[in-house]
>>> print(open('my_file31.txt').read())   # compact mmCIF, C-alpha atoms and all ligand atoms
# COMPACT_ATOMS: atom_id res chain seq x y z
CA MET Z 1 2.46 10.34 28.36
CA ASP Z 2 2.40 13.87 27.05
CA GLY Z 3 -1.04 13.60 25.54
CA VAL Z 4 -4.39 15.07 26.44
CA PHE Z 5 -7.34 13.00 27.55
CA ALA Z 6 -10.56 14.34 26.18
CA SER Z 7 -13.73 12.44 26.91
CA ALA Z 8 -17.26 12.56 28.11
CA PRO Z 9 -17.74 11.80 31.82
CA PRO Z 10 -17.24 8.10 32.52
CA SER Z 11 -20.11 5.91 33.63
CA ALA Z 12 -20.13 2.32 34.92
CA HIS Z 13 -19.60 0.26 31.80
CA VAL Z 14 -19.94 -3.39 30.95
CA ASN Z 15 -18.45 -4.15 27.59
CA GLN Z 16 -19.99 -6.54 25.13
CA ARG Z 17 -17.84 -9.37 26.37
CA GLY Z 18 -19.65 -9.02 29.71
CA ARG Z 19 -16.56 -7.59 31.36
CA THR Z 20 -17.19 -4.83 33.89
CA LEU Z 21 -14.47 -2.23 33.58
CA SER Z 22 -12.67 -1.46 36.80
CA ALA Z 23 -12.64 2.08 38.17
CA ALA Z 24 -9.06 2.34 36.98
CA ALA Z 25 -10.08 1.37 33.48
CA GLN Z 26 -12.82 3.97 33.34
CA THR Z 27 -12.25 6.96 31.14
CA PRO Z 28 -10.30 9.74 32.88
CA LYS Z 29 -12.34 12.71 34.09
CA ALA Z 30 -13.05 15.47 31.61
CA PRO Z 31 -15.43 18.32 30.94
CA THR Z 32 -19.02 17.45 31.83
CA GLY Z 33 -21.52 16.70 29.07
CA ARG Z 34 -18.86 16.71 26.35
CA THR Z 35 -19.46 14.66 23.21
CA PHE Z 36 -17.56 14.49 19.96
CA ARG Z 37 -19.36 15.76 16.88
CA ILE Z 38 -18.97 14.03 13.54
CA VAL Z 39 -18.20 17.04 11.36
CA LYS Z 40 -17.96 15.06 8.15
CA LYS Z 41 -18.66 11.47 7.19
CA THR Z 42 -17.55 9.98 3.86
CA THR Z 43 -17.67 6.48 2.43
CA LEU Z 44 -14.22 5.56 1.10
CA ALA Z 45 -14.93 1.99 0.01
CA PRO Z 46 -17.55 -0.68 0.72
CA LYS Z 47 -17.79 -0.79 4.55
CA VAL Z 48 -14.97 1.73 5.01
CA THR Z 49 -15.95 5.16 6.36
CA ARG Z 50 -13.95 8.29 7.09
CA TYR Z 51 -15.12 10.33 10.09
CA VAL Z 52 -13.82 13.84 10.69
CA VAL Z 53 -14.51 14.39 14.39
CA ALA Z 54 -14.33 17.57 16.46
CA ALA Z 55 -11.71 16.88 19.14
CA PRO Z 56 -9.55 20.03 19.41
CA GLU Z 57 -7.25 18.98 22.28
CA ILE Z 58 -6.46 15.66 20.63
CA ALA Z 59 -5.95 17.35 17.24
CA ARG Z 60 -3.35 19.63 18.83
CA ALA Z 61 -1.55 16.96 20.87
CA ARG Z 62 -1.50 13.94 18.56
CA ARG Z 63 1.58 12.70 16.80
CA ALA Z 64 2.05 10.15 14.02
CA GLY Z 65 1.38 6.59 15.13
CA GLN Z 66 -1.00 7.41 17.99
CA PHE Z 67 -4.57 6.26 18.42
CA VAL Z 68 -7.76 7.04 20.31
CA ILE Z 69 -10.25 4.83 22.12
CA VAL Z 70 -13.80 5.54 21.04
CA ARG Z 71 -17.09 4.65 22.71
CA VAL Z 72 -20.03 5.38 20.46
CA ASP Z 73 -22.79 5.45 23.09
CA GLU Z 74 -23.61 4.51 26.69
CA GLN Z 75 -24.19 0.84 25.84
CA GLY Z 76 -21.10 0.56 23.70
CA GLU Z 77 -17.70 -1.03 24.19
CA ARG Z 78 -14.48 0.89 23.75
CA ILE Z 79 -12.53 0.33 20.53
CA PRO Z 80 -9.09 1.61 19.50
CA LEU Z 81 -8.78 3.55 16.24
CA THR Z 82 -5.71 5.21 14.77
CA ILE Z 83 -5.70 8.96 14.23
CA ALA Z 84 -5.35 8.85 10.43
CA ASP Z 85 -5.06 12.63 10.12
CA ALA Z 86 -5.69 15.78 12.14
CA ASP Z 87 -6.23 19.46 11.56
CA ALA Z 88 -5.10 21.41 14.62
CA ALA Z 89 -6.49 24.70 13.26
CA ALA Z 90 -9.93 23.23 12.61
CA GLY Z 91 -9.77 21.20 15.84
CA THR Z 92 -10.58 17.91 14.11
CA ILE Z 93 -9.17 14.42 13.89
CA THR Z 94 -9.82 11.90 11.12
CA LEU Z 95 -10.66 8.27 11.77
CA VAL Z 96 -10.94 5.73 8.96
CA VAL Z 97 -12.95 2.74 10.08
CA GLN Z 98 -13.68 -0.60 8.51
CA GLU Z 99 -16.97 -2.17 9.51
CA VAL Z 100 -16.04 -5.62 10.81
CA GLY Z 101 -18.43 -6.26 13.72
CA LYS Z 102 -21.02 -4.81 16.06
CA THR Z 103 -19.31 -1.64 17.27
CA THR Z 104 -18.00 -0.54 13.90
CA ALA Z 105 -21.50 -1.26 12.48
CA VAL Z 106 -23.09 0.93 15.18
CA MET Z 107 -20.53 3.63 14.35
CA ALA Z 108 -21.52 3.48 10.70
CA LEU Z 109 -25.12 4.27 11.69
CA GLN Z 110 -24.11 7.60 13.23
CA PRO Z 111 -25.03 10.42 10.84
CA GLU Z 112 -22.88 13.39 9.87
CA GLY Z 113 -23.62 15.96 12.59
CA GLY Z 114 -24.14 13.14 15.10
CA THR Z 115 -21.76 12.39 17.97
CA PHE Z 116 -19.52 9.81 19.59
CA LEU Z 117 -19.84 9.69 23.38
CA ASP Z 118 -16.14 9.26 24.28
CA VAL Z 119 -12.96 9.86 22.35
CA VAL Z 120 -9.94 9.32 24.58
CA GLY Z 121 -6.42 10.08 23.51
CA PRO Z 122 -3.97 10.50 21.99
CA LEU Z 123 -2.81 7.11 23.26
CA GLY Z 124 0.23 4.96 22.57
CA LEU Z 125 3.79 5.92 21.79
CA ALA Z 126 4.26 8.11 18.76
CA THR Z 127 6.33 6.79 15.86
CA HIS Z 128 10.00 7.71 16.19
CA ILE Z 129 10.57 10.04 13.26
CA GLU Z 130 14.04 10.88 12.03
CA ARG Z 131 15.88 11.32 8.76
CA LEU Z 132 16.98 7.81 7.86
CA GLY Z 133 17.26 7.98 4.08
CA THR Z 134 14.92 5.66 2.20
CA VAL Z 135 11.95 4.30 4.08
CA VAL Z 136 9.40 1.85 2.70
CA CYS Z 137 5.88 2.26 4.15
CA ILE Z 138 3.62 -0.73 3.53
CA GLY Z 139 -0.13 -0.41 4.09
CA GLY Z 140 -2.43 -3.36 3.57
CA GLY Z 141 -6.23 -2.85 3.41
CA ILE Z 142 -7.46 -0.64 6.24
CA GLY Z 143 -3.78 -0.47 7.38
CA ILE Z 144 -3.26 2.25 4.75
CA ALA Z 145 -5.16 4.69 7.01
CA PRO Z 146 -2.85 4.35 10.05
CA MET Z 147 0.17 4.42 7.72
CA HIS Z 148 -0.84 7.82 6.31
CA PRO Z 149 0.29 10.10 9.19
CA ILE Z 150 3.53 8.12 9.52
CA ALA Z 151 4.39 8.52 5.83
CA GLN Z 152 3.54 12.23 6.10
CA ALA Z 153 5.86 12.69 9.09
CA LEU Z 154 8.71 10.66 7.56
CA LYS Z 155 8.53 12.68 4.34
CA ALA Z 156 8.41 15.96 6.28
CA ALA Z 157 11.60 14.81 8.07
CA GLY Z 158 13.38 14.58 4.70
CA ASN Z 159 13.15 10.85 3.97
CA GLN Z 160 12.54 9.34 0.58
CA VAL Z 161 9.24 7.56 1.31
CA ILE Z 162 8.31 4.68 -0.97
CA SER Z 163 4.81 3.48 -0.14
CA ILE Z 164 3.49 0.08 -1.10
CA LEU Z 165 -0.31 -0.07 -0.95
CA GLY Z 166 -2.09 -3.41 -1.11
CA ALA Z 167 -5.76 -4.33 -1.28
CA ARG Z 168 -7.79 -7.37 -2.19
CA THR Z 169 -9.41 -5.55 -5.11
CA LYS Z 170 -9.53 -2.07 -6.66
CA ASP Z 171 -12.73 -1.00 -4.84
CA LEU Z 172 -11.11 -1.69 -1.47
CA LEU Z 173 -8.01 0.44 -2.08
CA ILE Z 174 -8.34 3.54 0.11
CA MET Z 175 -6.52 6.87 0.45
CA GLU Z 176 -4.37 6.49 -2.67
CA GLU Z 177 -4.33 10.25 -3.34
CA GLU Z 178 -3.47 11.10 0.27
CA MET Z 179 -0.67 8.52 0.23
CA ARG Z 180 0.68 9.91 -3.06
CA ARG Z 181 0.90 13.34 -1.41
CA ALA Z 182 2.62 11.82 1.64
CA SER Z 183 5.12 9.75 -0.37
CA SER Z 184 7.92 10.21 -2.88
CA GLU Z 185 6.73 7.15 -4.82
CA VAL Z 186 3.70 4.85 -4.54
CA LEU Z 187 3.50 1.23 -5.72
CA VAL Z 188 0.03 -0.32 -5.81
CA CYS Z 189 -0.88 -3.98 -5.88
CA THR Z 190 -4.13 -5.92 -5.65
CA ASP Z 191 -4.71 -9.62 -4.99
CA ASP Z 192 -6.90 -9.96 -8.08
CA GLY Z 193 -4.94 -7.63 -10.39
CA SER Z 194 -7.92 -5.29 -10.81
CA TYR Z 195 -5.64 -2.29 -10.15
CA GLY Z 196 -1.86 -1.88 -10.03
CA LYS Z 197 0.24 -5.02 -10.05
CA LYS Z 198 -1.38 -8.40 -9.38
CA ALA Z 199 0.79 -9.29 -6.41
CA LEU Z 200 1.09 -9.34 -2.65
CA VAL Z 201 2.85 -6.45 -0.89
CA THR Z 202 5.70 -8.83 -0.04
CA ASP Z 203 6.26 -9.56 -3.77
CA VAL Z 204 6.43 -5.83 -4.49
CA LEU Z 205 8.82 -5.34 -1.57
CA ASN Z 206 11.09 -8.17 -2.75
CA ASP Z 207 11.15 -6.70 -6.29
CA LEU Z 208 11.98 -3.28 -4.89
CA ILE Z 209 14.87 -4.63 -2.81
CA ALA Z 210 16.18 -6.58 -5.84
CA ARG Z 211 15.95 -3.45 -8.02
CA GLN Z 212 17.10 -0.68 -5.68
CA GLY Z 213 18.91 -2.43 -2.84
CA LYS Z 214 18.09 -2.32 0.85
CA PRO Z 215 16.01 0.58 2.19
CA ASP Z 216 17.04 2.01 5.55
CA GLN Z 217 13.77 1.01 7.21
CA VAL Z 218 10.51 -0.78 6.47
CA LEU Z 219 7.25 -0.05 8.27
CA ALA Z 220 4.22 -2.28 7.80
CA ILE Z 221 0.62 -1.90 8.94
CA GLY Z 222 -2.12 -4.29 7.95
CA PRO Z 223 -3.47 -7.72 8.78
CA PRO Z 224 -1.13 -9.56 11.20
CA ILE Z 225 -0.43 -12.24 8.61
CA MET Z 226 0.76 -9.55 6.18
CA MET Z 227 3.00 -7.98 8.82
CA LYS Z 228 4.38 -11.40 9.74
CA PHE Z 229 5.40 -12.07 6.13
CA VAL Z 230 6.84 -8.58 5.62
CA ALA Z 231 9.02 -9.17 8.68
CA LYS Z 232 10.05 -12.59 7.28
CA ALA Z 233 10.98 -10.95 3.97
CA THR Z 234 13.18 -8.27 5.56
CA LEU Z 235 14.90 -10.51 8.15
CA PRO Z 236 17.51 -12.08 5.79
CA HIS Z 237 18.43 -8.58 4.58
CA LYS Z 238 18.66 -7.29 8.17
CA ILE Z 239 16.41 -4.33 7.31
CA PRO Z 240 15.03 -2.69 10.49
CA THR Z 241 11.28 -3.37 10.34
CA LEU Z 242 8.54 -1.82 12.42
CA VAL Z 243 5.01 -3.19 12.59
CA SER Z 244 1.97 -1.61 14.24
CA LEU Z 245 0.02 -4.21 16.19
CA ASN Z 246 -3.78 -4.29 16.39
CA ALA Z 247 -4.22 -6.38 19.54
CA ILE Z 248 -7.56 -6.41 21.34
CA MET Z 249 -7.81 -3.45 23.72
CA VAL Z 250 -10.23 -2.47 26.45
CA ASP Z 251 -8.94 0.48 28.49
CA GLY Z 252 -5.95 1.51 26.37
CA THR Z 253 -3.98 2.61 29.42
CA GLY Z 254 -2.06 -0.53 30.45
CA MET Z 255 -4.55 -1.62 33.15
CA CYS Z 256 -6.52 -4.57 31.76
CA GLY Z 257 -3.87 -6.72 30.09
CA GLY Z 258 -6.13 -7.31 27.06
CA CYS Z 259 -3.53 -6.17 24.55
CA ARG Z 260 -0.68 -8.37 25.86
CA VAL Z 261 1.76 -9.56 23.20
CA THR Z 262 5.14 -11.26 23.29
CA VAL Z 263 8.02 -9.38 21.70
CA GLY Z 264 11.52 -10.83 21.87
CA GLY Z 265 10.32 -13.29 24.55
CA LYS Z 266 9.10 -10.46 26.78
CA THR Z 267 5.53 -9.48 27.62
CA LYS Z 268 4.51 -6.09 26.23
CA PHE Z 269 1.26 -4.16 26.24
CA VAL Z 270 0.44 -2.74 22.84
CA CYS Z 271 -1.47 0.25 24.25
CA VAL Z 272 1.39 1.66 26.32
CA ASP Z 273 4.54 -0.03 24.96
CA GLY Z 274 3.40 0.25 21.32
CA PRO Z 275 1.58 0.08 19.03
CA GLU Z 276 4.83 -0.20 17.05
CA PHE Z 277 7.34 -2.96 17.68
CA ASP Z 278 10.32 -4.58 16.00
CA GLY Z 279 8.63 -6.92 13.51
CA HIS Z 280 11.50 -9.42 13.72
CA LEU Z 281 10.77 -10.01 17.41
CA VAL Z 282 6.94 -10.17 17.50
CA ASP Z 283 5.24 -13.51 18.21
CA PHE Z 284 2.59 -13.04 15.49
CA ASP Z 285 1.10 -16.52 15.90
CA GLU Z 286 0.29 -15.86 19.55
CA MET Z 287 -1.16 -12.47 18.68
CA MET Z 288 -3.40 -13.94 15.98
CA ARG Z 289 -4.64 -16.61 18.43
CA ARG Z 290 -5.49 -13.94 20.99
CA GLN Z 291 -7.30 -11.82 18.36
CA ARG Z 292 -9.67 -14.74 17.72
CA PHE Z 293 -10.31 -15.29 21.44
CA TYR Z 294 -13.74 -13.61 21.57
CA GLY Z 295 -14.91 -14.76 18.13
CA GLU Z 296 -18.11 -16.43 19.37
CA GLN Z 297 -19.17 -13.43 21.49
CA GLU Z 298 -18.35 -11.05 18.62
CA LYS Z 299 -20.50 -13.09 16.20
CA ALA Z 300 -23.37 -13.17 18.70
CA ALA Z 301 -23.14 -9.40 19.33
CA LEU Z 302 -23.26 -8.70 15.60
CA ALA Z 303 -26.22 -11.06 15.13
CA ARG Z 304 -28.12 -9.34 18.00
CA HIS Z 305 -27.35 -5.96 16.45
CA ALA Z 306 -28.53 -7.09 12.99
CA THR Z 307 -31.80 -8.47 14.45
CA HIS Z 308 -32.39 -5.23 16.34
CA GLU Z 309 -31.77 -3.13 13.21
CA CYS Z 310 -34.08 -5.39 11.21
CA ARG Z 311 -36.87 -4.87 13.78
CA LEU Z 312 -36.36 -1.10 13.70
CA LEU Z 313 -36.68 -1.17 9.92
CA GLY Z 314 -39.90 -3.18 10.19
CA GLY Z 315 -38.40 -6.46 8.96
CA ALA Z 316 -38.99 -9.94 10.33
CA ALA Z 317 -38.38 -10.29 14.09
P1 LIG B 1 -15.88 -7.32 16.56
O1 LIG B 1 -16.80 -8.25 15.87
O2 LIG B 1 -16.05 -7.09 18.03
O3 LIG B 1 -14.40 -7.82 16.32
C1 LIG B 1 -13.89 -8.14 15.04
C2 LIG B 1 -12.37 -8.32 15.19
O4 LIG B 1 -11.81 -7.03 15.52
C3 LIG B 1 -11.97 -9.22 16.36
O5 LIG B 1 -11.93 -10.57 15.99
C4 LIG B 1 -10.67 -8.66 16.80
O6 LIG B 1 -9.64 -9.15 15.98
C5 LIG B 1 -10.83 -7.17 16.54
N1 LIG B 1 -11.30 -6.45 17.75
C6 LIG B 1 -12.49 -6.61 18.37
N2 LIG B 1 -12.57 -5.84 19.47
C7 LIG B 1 -11.40 -5.18 19.53
C8 LIG B 1 -10.87 -4.23 20.45
N3 LIG B 1 -11.55 -3.82 21.51
N4 LIG B 1 -9.61 -3.77 20.22
C9 LIG B 1 -8.91 -4.16 19.13
N5 LIG B 1 -9.37 -5.05 18.24
C10 LIG B 1 -10.59 -5.55 18.43
N6 LIG B 1 -9.64 -0.47 12.78
C11 LIG B 1 -10.01 0.41 11.82
O7 LIG B 1 -10.96 0.16 11.07
N7 LIG B 1 -9.33 1.60 11.64
C12 LIG B 1 -8.28 1.95 12.43
O8 LIG B 1 -7.71 3.03 12.26
C13 LIG B 1 -7.88 1.04 13.46
N8 LIG B 1 -6.85 1.35 14.27
C14 LIG B 1 -6.53 0.49 15.28
C15 LIG B 1 -5.45 0.85 16.11
C16 LIG B 1 -5.07 0.02 17.14
C17 LIG B 1 -3.94 0.44 18.05
C18 LIG B 1 -5.75 -1.21 17.33
C19 LIG B 1 -5.33 -2.11 18.44
C20 LIG B 1 -6.81 -1.59 16.50
C21 LIG B 1 -7.20 -0.75 15.47
N9 LIG B 1 -8.27 -1.06 14.62
C22 LIG B 1 -8.61 -0.18 13.61
C23 LIG B 1 -9.07 -2.29 14.79
C24 LIG B 1 -10.41 -1.96 15.46
O9 LIG B 1 -10.19 -1.55 16.79
C25 LIG B 1 -11.33 -3.20 15.44
O10 LIG B 1 -11.63 -3.53 14.09
C26 LIG B 1 -12.63 -2.96 16.18
O11 LIG B 1 -12.39 -2.90 17.56
C27 LIG B 1 -13.65 -4.05 15.88
O12 LIG B 1 -14.80 -3.86 16.67
P2 LIG B 1 -16.20 -4.49 16.29
O13 LIG B 1 -17.03 -4.54 17.52
O14 LIG B 1 -16.79 -3.77 15.13
O15 LIG B 1 -15.86 -5.94 15.77
FE1 LIG B 2 -5.72 -2.76 28.56
FE2 LIG B 2 -3.65 -2.42 26.89
S1 LIG B 2 -5.75 -2.23 26.48
S2 LIG B 2 -3.61 -3.12 28.94
MG MG B 3 -16.76 -5.67 19.22
>>> encode(input="my_file31.txt", output="structure tokens")
Amino acid sequence: MDGVFASAPPSAHVNQRGRTLSAAAQTPKAPTGRTFRIVKKTTLAPKVTRYVVAAPEIARARRAGQFVIVRVDEQGERIPLTIADADAAAGTITLVVQEVGKTTAVMALQPEGGTFLDVVGPLGLATHIERLGTVVCIGGGIGIAPMHPIAQALKAAGNQVISILGARTKDLLIMEEEMRRASSEVLVCTDDGSYGKKALVTDVLNDLIARQGKPDQVLAIGPPIMMKFVAKATLPHKIPTLVSLNAIMVDGTGMCGGCRVTVGGKTKFVCVDGPEFDGHLVDFDEMMRRQRFYGEQEKAALARHATHECRLLGGAA
């Protein structure tokens, strides 16, 4: 991997699933005492926050499609987050995070000017960018954030980029302006019709294909069920379709096996073989089963966190 690892010094770490990380899975060595300052923090939508984080080496080295693994504090687990944008001159990367459980809730408590303990990356294979012609970029929900750098890079390479952005409702649609700048055309849909067309991204894609013919490539990032149905929609047309998988990760370096998926009948590790794969070959049902694997522990961790916060705020114990 041609990336740079930037992180605080590793310490023995038991994640919230009670798993002790092996020495190999510990964060690679890096400058002592280093933490990652949150330069700017903005709320984009209910429970969706944008963090601009000082991480100069990562900002210089990252390419579209890559991600980092973040640990908020000493007690925290590691979670993967896509580099949604970067400014090499300012030495910052942008993360857009949806609060879905304990770690993302702890992240949301960090103030602007605060820090994250570890930010490791850039990780994963970068998106293959070339001039293909017309490319459709589909972002669903928080998936719009990871799609942003890919659309930017595809447009910069001379493609006509048609972006389809989907959200449950208007308030949850993020980064529309950024995606308009990164695209030649943007089509918006919401489940409830509160903004754009009342439709699913697959309906908008089908209409587009009926109207304009086959694009040269489709990329989709969003909930696995959305990616599964995008891949189903493009298969009969034989449109090359890439999906970016959000499997559960621990170390992000191919050591733990947590992010195992099956693609074309073969075992792949999302962190080192992906995160992008041929959507027509991914076993989405298996991936969705594995994503739910730690559901009970995740619920318990969030409940413990909520109780702790409540005590700190002087509420009922
Ligand atoms: P939990 O309650 O622990 O988990 C909620 C759900 O999140 C789980 O059921 C599971 O499906 C998923 N999840 C939990 N732990 C992990 C883990 N260690 N790795 C992956 N998924 C997990 N989210 C964003 O908001 N923005 C992003 O840019 C983004 N990029 C990602 C890029 C990649 C390559 C991957 C694999 C995931 C990405 N995610 C992103 C998902 C994000 O990592 C999870 O939402 C986060 O780890 C949830 O942690 P939690 O403790 O708050 O929630
Ligand atoms: Fe451990 Fe991919 S996260 S092998
Ligand atoms: Mg968690």
>>> closest_atom_pairs(input="my_file31.txt", of="chain Z", to="ligand MG 3 (chain B)", cutoff="9 Å", atoms="all atoms listed in the file", output="JSON lines")
{"residue": "Z:Asn15", "atom": "CA", "partner": "B:MG3", "partner_atom": "MG", "distance": 8.7}
{"residue": "Z:Gln16", "atom": "CA", "partner": "B:MG3", "partner_atom": "MG", "distance": 6.8}
{"residue": "Z:Arg17", "atom": "CA", "partner": "B:MG3", "partner_atom": "MG", "distance": 8.1}
{"residue": "Z:Gly76", "atom": "CA", "partner": "B:MG3", "partner_atom": "MG", "distance": 8.8}
{"residue": "Z:Glu77", "atom": "CA", "partner": "B:MG3", "partner_atom": "MG", "distance": 6.9}
{"residue": "Z:Arg78", "atom": "CA", "partner": "B:MG3", "partner_atom": "MG", "distance": 8.3}
{"residue": "Z:Ile79", "atom": "CA", "partner": "B:MG3", "partner_atom": "MG", "distance": 7.5}
{"residue": "Z:Val100", "atom": "CA", "partner": "B:MG3", "partner_atom": "MG", "distance": 8.4}
{"residue": "Z:Gly101", "atom": "CA", "partner": "B:MG3", "partner_atom": "MG", "distance": 5.8}
{"residue": "Z:Lys102", "atom": "CA", "partner": "B:MG3", "partner_atom": "MG", "distance": 5.4}
{"residue": "Z:Thr103", "atom": "CA", "partner": "B:MG3", "partner_atom": "MG", "distance": 5.2}
{"residue": "Z:Thr104", "atom": "CA", "partner": "B:MG3", "partner_atom": "MG", "distance": 7.5}
{"residue": "Z:Tyr294", "atom": "CA", "partner": "B:MG3", "partner_atom": "MG", "distance": 8.8}
{"residue": "Z:Gln297", "atom": "CA", "partner": "B:MG3", "partner_atom": "MG", "distance": 8.4}
{"residue": "Z:Glu298", "atom": "CA", "partner": "B:MG3", "partner_atom": "MG", "distance": 5.6}
{"residue": "Z:Lys299", "atom": "CA", "partner": "B:MG3", "partner_atom": "MG", "distance": 8.8}
{"residue": "Z:Ala301", "atom": "CA", "partner": "B:MG3", "partner_atom": "MG", "distance": 7.4}
{"residue": "Z:Leu302", "atom": "CA", "partner": "B:MG3", "partner_atom": "MG", "distance": 8.0}
>>> residues_near_ligand(input="my_file31.txt", ligand="ligand LIG 2 (chain B)", cutoff="9 Å", atoms="only C-alpha atoms and all ligand atoms", output="ChimeraX atom specification")
/Z:25,80,247-260,268-273
>>> residues_around(input="my_file31.txt", residues="stretch 276-282 of chain Z", least_positions_apart="5", cutoff="7 Å", atoms="only C-alpha atoms", output="JSON, numbers by chain")
{"Z": [231, 235, 241, 242, 243, 244, 245, 262, 263, 264]}
>>> atom_distance(input="my_file31.txt", atom1="atom CA of Z:Asp118", atom2="atom CA of Z:Phe36")
6.9 Å
>>> atom_distance(input="my_file31.txt", atom1="atom C22 of ligand LIG 1 (chain B)", atom2="atom CA of Z:Leu81")
4.6 Å
>>> residues_around(input="my_file31.txt", residues="Z:Glu185", least_positions_apart="3", cutoff="7 Å", atoms="only C-alpha atoms", output="list in words")
Val161, Ile162, Ser163 and Arg180 of chain Z
>>> closest_residue(input="my_file31.txt", among="Z:Lys41, Z:Asp192, Z:Cys137, Z:Glu178", to="Z:Val230", atoms="all atoms listed in the file")
Z:Cys137
>>> atom_distance(input="my_file31.txt", atom1="atom C22 of ligand LIG 1 (chain B)", atom2="atom CA of Z:Ala145")
8.9 Å
>>> residues_around(input="my_file31.txt", residues="Z:Ile142", least_positions_apart="6", cutoff="10 Å", atoms="all atoms listed in the file", output="VMD selection string")
chain Z and resid 48 96 to 98 166 to 167 172 to 175 221 to 223
>>> closest_residue(input="my_file31.txt", among="Z:Thr169, Z:Gln217, Z:Arg211, Z:Met287", to="Z:Glu130", atoms="all atoms listed in the file")
Z:Gln217
>>> closest_residue(input="my_file31.txt", among="Z:Arg131, Z:Lys155, Z:Arg60, Z:Arg50", to="ligand LIG 1 (chain B)", atoms="all atoms listed in the file")
Z:Arg50
>>> closest_residue(input="my_file31.txt", among="Z:Ala105, Z:Leu123, Z:Val70, Z:Ile239", to="Z:Ala306", atoms="all atoms listed in the file")
Z:Ala105
>>> closest_residue(input="my_file31.txt", among="Z:Ala61, Z:Ile83, Z:Val135, Z:Val204", to="ligand LIG 1 (chain B)", atoms="all atoms listed in the file")
Z:Ile83
>>> residues_around(input="my_file31.txt", residues="stretch 148-153 of chain Z", least_positions_apart="6", cutoff="10 Å", atoms="only C-alpha atoms", output="ChimeraX atom specification")
/Z:63-66,82-86,126-130,135-139,159-163,175-176,178-184,219
>>> axis_aligned_box(input="my_file31.txt", around="ligand LIG 1 (chain B)", padding_each_side="8 Å", output="JSON")
{"center_x": -10.5, "center_y": -3.8, "center_z": 16.3, "size_x": 29.1, "size_y": 29.6, "size_z": 26.4}
>>> residues_near_point(input="my_file31.txt", point="(-20.1, 5.8, 5.6)", cutoff="9 Å", atoms="only C-alpha atoms", output="short mmCIF file (atom, residue, chain, number, x, y, z; two decimals) with C-alpha atoms, keeping the file's coordinate frame")
data_model
loop_
_atom_site.label_atom_id
_atom_site.label_comp_id
_atom_site.auth_asym_id
_atom_site.auth_seq_id
_atom_site.Cartn_x
_atom_site.Cartn_y
_atom_site.Cartn_z
CA LYS Z 41 -18.66 11.47 7.19
CA THR Z 42 -17.55 9.98 3.86
CA THR Z 43 -17.67 6.48 2.43
CA LEU Z 44 -14.22 5.56 1.10
CA ALA Z 45 -14.93 1.99 0.01
CA PRO Z 46 -17.55 -0.68 0.72
CA LYS Z 47 -17.79 -0.79 4.55
CA VAL Z 48 -14.97 1.73 5.01
CA THR Z 49 -15.95 5.16 6.36
CA ARG Z 50 -13.95 8.29 7.09
CA TYR Z 51 -15.12 10.33 10.09
CA VAL Z 97 -12.95 2.74 10.08
CA ALA Z 108 -21.52 3.48 10.70
CA LEU Z 109 -25.12 4.27 11.69
CA GLN Z 110 -24.11 7.60 13.23
CA PRO Z 111 -25.03 10.42 10.84
#
>>> decode(input="my_file31.txt", residues="stretch 100-110 of chain Z", atoms="N, CA and C atoms", output="PDB file, in the first residue's frame")
ATOM      1  N   VAL Z 100     -24.862   6.198  14.828  1.00  0.00           N
ATOM      2  CA  VAL Z 100     -25.717   4.997  14.795  1.00  0.00           C
ATOM      3  C   VAL Z 100     -25.548   4.141  16.038  1.00  0.00           C
ATOM      4  N   GLY Z 101     -24.521   4.388  16.848  1.00  0.00           N
ATOM      5  CA  GLY Z 101     -24.279   3.536  18.011  1.00  0.00           C
ATOM      6  C   GLY Z 101     -23.323   4.216  18.956  1.00  0.00           C
ATOM      7  N   LYS Z 102     -22.681   3.420  19.815  1.00  0.00           N
ATOM      8  CA  LYS Z 102     -21.888   4.002  20.904  1.00  0.00           C
ATOM      9  C   LYS Z 102     -20.706   4.849  20.400  1.00  0.00           C
ATOM     10  N   THR Z 103     -19.907   4.304  19.513  1.00  0.00           N
ATOM     11  CA  THR Z 103     -18.680   5.015  19.139  1.00  0.00           C
ATOM     12  C   THR Z 103     -18.984   6.298  18.373  1.00  0.00           C
ATOM     13  N   THR Z 104     -19.939   6.223  17.462  1.00  0.00           N
ATOM     14  CA  THR Z 104     -20.285   7.444  16.721  1.00  0.00           C
ATOM     15  C   THR Z 104     -20.962   8.462  17.655  1.00  0.00           C
ATOM     16  N   ALA Z 105     -21.630   7.985  18.707  1.00  0.00           N
ATOM     17  CA  ALA Z 105     -22.214   8.904  19.698  1.00  0.00           C
ATOM     18  C   ALA Z 105     -21.107   9.557  20.523  1.00  0.00           C
ATOM     19  N   VAL Z 106     -20.084   8.795  20.891  1.00  0.00           N
ATOM     20  CA  VAL Z 106     -18.952   9.365  21.640  1.00  0.00           C
ATOM     21  C   VAL Z 106     -18.230  10.389  20.763  1.00  0.00           C
ATOM     22  N   MET Z 107     -18.090  10.055  19.480  1.00  0.00           N
ATOM     23  CA  MET Z 107     -17.463  11.011  18.537  1.00  0.00           C
ATOM     24  C   MET Z 107     -18.211  12.335  18.546  1.00  0.00           C
ATOM     25  N   ALA Z 108     -19.533  12.230  18.505  1.00  0.00           N
ATOM     26  CA  ALA Z 108     -20.367  13.437  18.411  1.00  0.00           C
ATOM     27  C   ALA Z 108     -20.228  14.324  19.642  1.00  0.00           C
ATOM     28  N   LEU Z 109     -19.716  13.759  20.740  1.00  0.00           N
ATOM     29  CA  LEU Z 109     -19.523  14.566  21.956  1.00  0.00           C
ATOM     30  C   LEU Z 109     -18.219  15.362  21.923  1.00  0.00           C
ATOM     31  N   GLN Z 110     -17.328  15.006  20.978  1.00  0.00           N
ATOM     32  CA  GLN Z 110     -16.057  15.732  20.916  1.00  0.00           C
ATOM     33  C   GLN Z 110     -16.313  17.141  20.385  1.00  0.00           C
TER      34      GLN Z 110
END
